[in-house]
There are 2 protein chains.
Amino acid sequence: MRARDLAVDYPSVALDSPALDAAHLLARERLPGIVVKAADGVPIAVLPGSQVVRFVVPQYVQDDPGLARVYDEKTADAICTKLAGKSVRDVLPRKEYREVEVVDGGATVLEVAAVMARMHSPVVAVVDAGRMVGAITAAELLTVLLPPG
Amino acid sequence: MRARDLAVDYPSVALDSPALDAAHLLARERLPGIVVKAADGVPIAVLPGSQVVRFVVPQYVQDDPGLARVYDEKTADAICTKLAGKSVRDVLPRKEYREVEVVDGGATVLEVAAVMARMHSPVVAVVDAGRMVGAITAAELLTVLLPPG
């Protein structure tokens, strides 16, 4: 079994599309993460939902979550406008090394698992002959990795 | 709006239950992560699906995912038996600091977001008066954080 056999249809957004669109898609479809494509349509990353949440929370609140309690809901509304005007590119975590949550269609199950494990990613995109053929979630991967029972 | 208003029913496992049971539950219910409870029933952590995947992949394969390609599927089967005999406790990531993916029912939306962002967690458990009342996923949280549209 190869990555292309496991890949299922999965939503994606363009690197330069509005971050708010990606956030709405994540929310609406209840996705653990969303695949991000470059201008040529090739997937280059996965943006996890927790990262989008991270982006809307100010750094000083992340450093001290207790501070969040003193904000009222109006402040929370104002904070959320942080996403407005930003692109997906602005929200993607900066990676220290050039490695992506993307595998080739010919990758083995273990190879997909290794990439997912290494990247701590809830989703891995699958590319065959230069185009995205779908994605594999951790839950999907576990269904084939696990012994039946 | 408070955490208890956002919390929805969510599966959990006990810290000392078999890791394989947790993995099967994650796979079957297509969950981004699962809530882990201590012996007294209080949630103490969230185990993400990618961490379970991580646990079944040998460290040297994580360090060099290219190695995974040389393994055949029988080897992958053998590797998966790594989970057998292990408890959820064995699979939980060791945290460097004592902080958990759990919030009080009275936590504000921003407080939940801050914990989720800080812990990079796809799910946060909600506790009211010492018992779990549900959990909030990143996708759920975004539905209330985002402006409509």
# chains A, B, ... in the order shown; residues from 1 in each chain; ligands from 1
>>> select_by_dssp(residues="region 11-113 of chain B", states="strand (DSSP E)", output="list of chain:residue names")
B:Ser12, B:Val13, B:Ala14, B:Gly33, B:Ile34, B:Val35, B:Val36, B:Lys37, B:Pro43, B:Ile44, B:Ala45, B:Val46, B:Leu47, B:Pro48, B:Val102, B:Val103, B:Asp104
>>> residues_around(residues="Val123 (chain B)", least_positions_apart="5", cutoff="8 Å", atoms="only C-alpha atoms", output="list of chain:residue names")
B:Pro32, B:Gly33, B:Ile34, B:Val35, B:Val46, B:Glu101, B:Met116, B:Ala135, B:Ile136, B:Thr137, B:Ala138
>>> write_last_selection(atoms="N, CA, C and O atoms", output="CSV table (one decimal), in the first residue's frame")
chain,number,residue,atom,x,y,z
B,32,PRO,N,-8.7,14.4,16.1
B,32,PRO,CA,-7.4,15.0,16.0
B,32,PRO,C,-6.6,14.7,17.2
B,32,PRO,O,-5.3,14.8,17.2
B,33,GLY,N,-7.2,14.3,18.3
B,33,GLY,CA,-6.5,14.0,19.5
B,33,GLY,C,-7.5,13.5,20.5
B,33,GLY,O,-8.7,13.5,20.3
B,34,ILE,N,-7.0,12.9,21.6
B,34,ILE,CA,-7.9,12.3,22.6
B,34,ILE,C,-7.6,12.8,24.0
B,34,ILE,O,-6.4,13.0,24.3
B,35,VAL,N,-8.6,13.0,24.8
B,35,VAL,CA,-8.4,13.5,26.1
B,35,VAL,C,-8.0,12.3,27.0
B,35,VAL,O,-8.6,11.2,27.0
B,46,VAL,N,-3.9,16.0,26.6
B,46,VAL,CA,-4.5,15.6,25.3
B,46,VAL,C,-3.4,14.9,24.5
B,46,VAL,O,-2.3,15.4,24.5
B,101,GLU,N,-3.3,20.7,28.6
B,101,GLU,CA,-4.3,21.1,27.6
B,101,GLU,C,-5.7,21.0,28.2
B,101,GLU,O,-6.6,20.4,27.7
B,116,MET,N,-4.6,26.7,23.9
B,116,MET,CA,-4.4,25.9,22.6
B,116,MET,C,-3.2,26.3,21.8
B,116,MET,O,-2.5,25.5,21.3
B,135,ALA,N,-14.9,18.9,25.6
B,135,ALA,CA,-13.7,19.4,25.0
B,135,ALA,C,-14.0,20.4,23.9
B,135,ALA,O,-15.1,20.5,23.4
B,136,ILE,N,-13.0,21.2,23.5
B,136,ILE,CA,-13.1,22.2,22.4
B,136,ILE,C,-12.0,21.9,21.4
B,136,ILE,O,-10.8,21.9,21.8
B,137,THR,N,-12.4,21.7,20.2
B,137,THR,CA,-11.3,21.6,19.1
B,137,THR,C,-11.0,23.0,18.6
B,137,THR,O,-11.7,23.9,18.7
B,138,ALA,N,-9.8,23.0,17.9
B,138,ALA,CA,-9.4,24.3,17.3
B,138,ALA,C,-10.4,24.7,16.3
B,138,ALA,O,-10.7,25.9,16.2
>>> atom_distance(atom1="CA of Asp104 (chain A)", atom2="CA of Leu26 (chain B)")
24.8 Å
>>> residues_around(residues="Val144 (chain B)", least_positions_apart="4", cutoff="12 Å", atoms="only C-alpha atoms", output="VMD selection string")
(chain A and resid 23 to 24 27 to 28 53 73 76 to 77 80) or (chain B and resid 1 to 3 5 to 6 108 to 110 112 to 113 136 to 140 148 to 149)
>>> write_last_selection(atoms="N, CA and C atoms", output="tab-separated table (two decimals), in the first residue's frame")
chain	number	residue	atom	x	y	z
A	23	ALA	N	-9.11	30.12	7.59
A	23	ALA	CA	-9.65	29.93	8.95
A	23	ALA	C	-11.12	29.52	8.89
A	24	HIS	N	-11.88	30.17	8.01
A	24	HIS	CA	-13.31	29.82	7.87
A	24	HIS	C	-13.48	28.39	7.35
A	27	ALA	N	-12.77	25.95	10.10
A	27	ALA	CA	-13.87	25.94	11.08
A	27	ALA	C	-15.08	25.22	10.51
A	28	ARG	N	-15.44	25.57	9.26
A	28	ARG	CA	-16.66	25.04	8.67
A	28	ARG	C	-16.58	23.53	8.46
A	53	VAL	N	-5.24	29.51	15.35
A	53	VAL	CA	-5.64	30.02	16.67
A	53	VAL	C	-4.48	30.81	17.28
A	73	GLU	N	-15.09	40.24	25.95
A	73	GLU	CA	-15.29	39.67	24.61
A	73	GLU	C	-15.08	40.67	23.48
A	76	ALA	N	-11.60	40.45	22.57
A	76	ALA	CA	-11.37	39.23	21.78
A	76	ALA	C	-11.77	39.47	20.33
A	77	ASP	N	-12.89	40.17	20.13
A	77	ASP	CA	-13.33	40.51	18.77
A	77	ASP	C	-12.25	41.32	18.05
A	80	CYS	N	-9.35	39.35	16.92
A	80	CYS	CA	-9.58	38.47	15.78
A	80	CYS	C	-9.39	39.19	14.46
B	1	MET	N	-19.29	34.50	26.63
B	1	MET	CA	-19.22	33.06	26.38
B	1	MET	C	-18.01	32.44	27.10
B	2	ARG	N	-18.24	31.34	27.75
B	2	ARG	CA	-17.19	30.69	28.52
B	2	ARG	C	-16.92	29.28	27.98
B	3	ALA	N	-15.80	28.72	28.42
B	3	ALA	CA	-15.39	27.39	27.94
B	3	ALA	C	-16.50	26.35	28.09
B	5	ASP	N	-19.60	26.71	27.84
B	5	ASP	CA	-20.65	26.88	26.82
B	5	ASP	C	-20.21	26.31	25.47
B	6	LEU	N	-18.90	26.24	25.28
B	6	LEU	CA	-18.35	25.76	24.00
B	6	LEU	C	-18.05	24.27	24.01
B	108	THR	N	-12.39	32.19	29.57
B	108	THR	CA	-12.93	32.95	28.44
B	108	THR	C	-12.46	32.31	27.12
B	109	VAL	N	-13.12	32.71	26.04
B	109	VAL	CA	-12.75	32.21	24.71
B	109	VAL	C	-11.27	32.47	24.43
B	110	LEU	N	-10.83	33.67	24.79
B	110	LEU	CA	-9.43	34.03	24.53
B	110	LEU	C	-8.47	33.19	25.38
B	112	VAL	N	-9.03	30.09	26.35
B	112	VAL	CA	-8.98	28.78	25.70
B	112	VAL	C	-8.02	28.85	24.51
B	113	ALA	N	-8.14	29.93	23.73
B	113	ALA	CA	-7.29	30.11	22.55
B	113	ALA	C	-5.82	30.19	22.96
B	136	ILE	N	-12.99	21.19	23.51
B	136	ILE	CA	-13.13	22.17	22.43
B	136	ILE	C	-12.00	21.93	21.43
B	137	THR	N	-12.35	21.74	20.16
B	137	THR	CA	-11.32	21.59	19.13
B	137	THR	C	-10.96	22.96	18.56
B	138	ALA	N	-9.80	23.01	17.89
B	138	ALA	CA	-9.37	24.26	17.26
B	138	ALA	C	-10.44	24.74	16.26
B	139	ALA	N	-11.02	23.79	15.53
B	139	ALA	CA	-12.04	24.15	14.54
B	139	ALA	C	-13.26	24.77	15.22
B	140	GLU	N	-13.70	24.17	16.34
B	140	GLU	CA	-14.84	24.71	17.09
B	140	GLU	C	-14.53	26.12	17.59
B	148	PRO	N	-18.28	36.59	11.41
B	148	PRO	CA	-19.12	35.84	10.48
B	148	PRO	C	-18.82	36.21	9.02
B	149	GLY	N	-19.08	35.29	8.12
B	149	GLY	CA	-18.89	35.60	6.68
B	149	GLY	C	-18.15	34.53	5.95
>>> closest_residue(among="B:Lys37, B:Arg94, B:Arg131, B:Arg54", to="chain A", atoms="only C-alpha atoms")
B:Arg54
>>> residues_around(residues="Asp64 (chain A)", least_positions_apart="6", cutoff="10 Å", atoms="only C-alpha atoms", output="list in words")
Glu111, Ala114, Val115 and Arg118 of chain B
>>> residues_around(residues="Val36 (chain B)", least_positions_apart="3", cutoff="7 Å", atoms="only C-alpha atoms", output="PyMOL selection string")
chain B and resi 12-15+43-47
>>> closest_residue(among="A:Val124, A:Met132, A:Leu92, A:Val61", to="chain B", atoms="only C-alpha atoms")
A:Val61
>>> closest_residue(among="A:Ala19, A:Val127, A:Val88, A:Ala7", to="chain B", atoms="only C-alpha atoms")
A:Ala19
>>> residues_around(residues="Phe55 (chain A)", least_positions_apart="6", cutoff="9 Å", atoms="only C-alpha atoms", output="ChimeraX atom specification")
/A:82-83,91 /B:117
>>> closest_residue(among="B:Ala84, B:Ala129, B:Val100, B:Leu142", to="Gln51 (chain A)", atoms="only C-alpha atoms")
B:Leu142
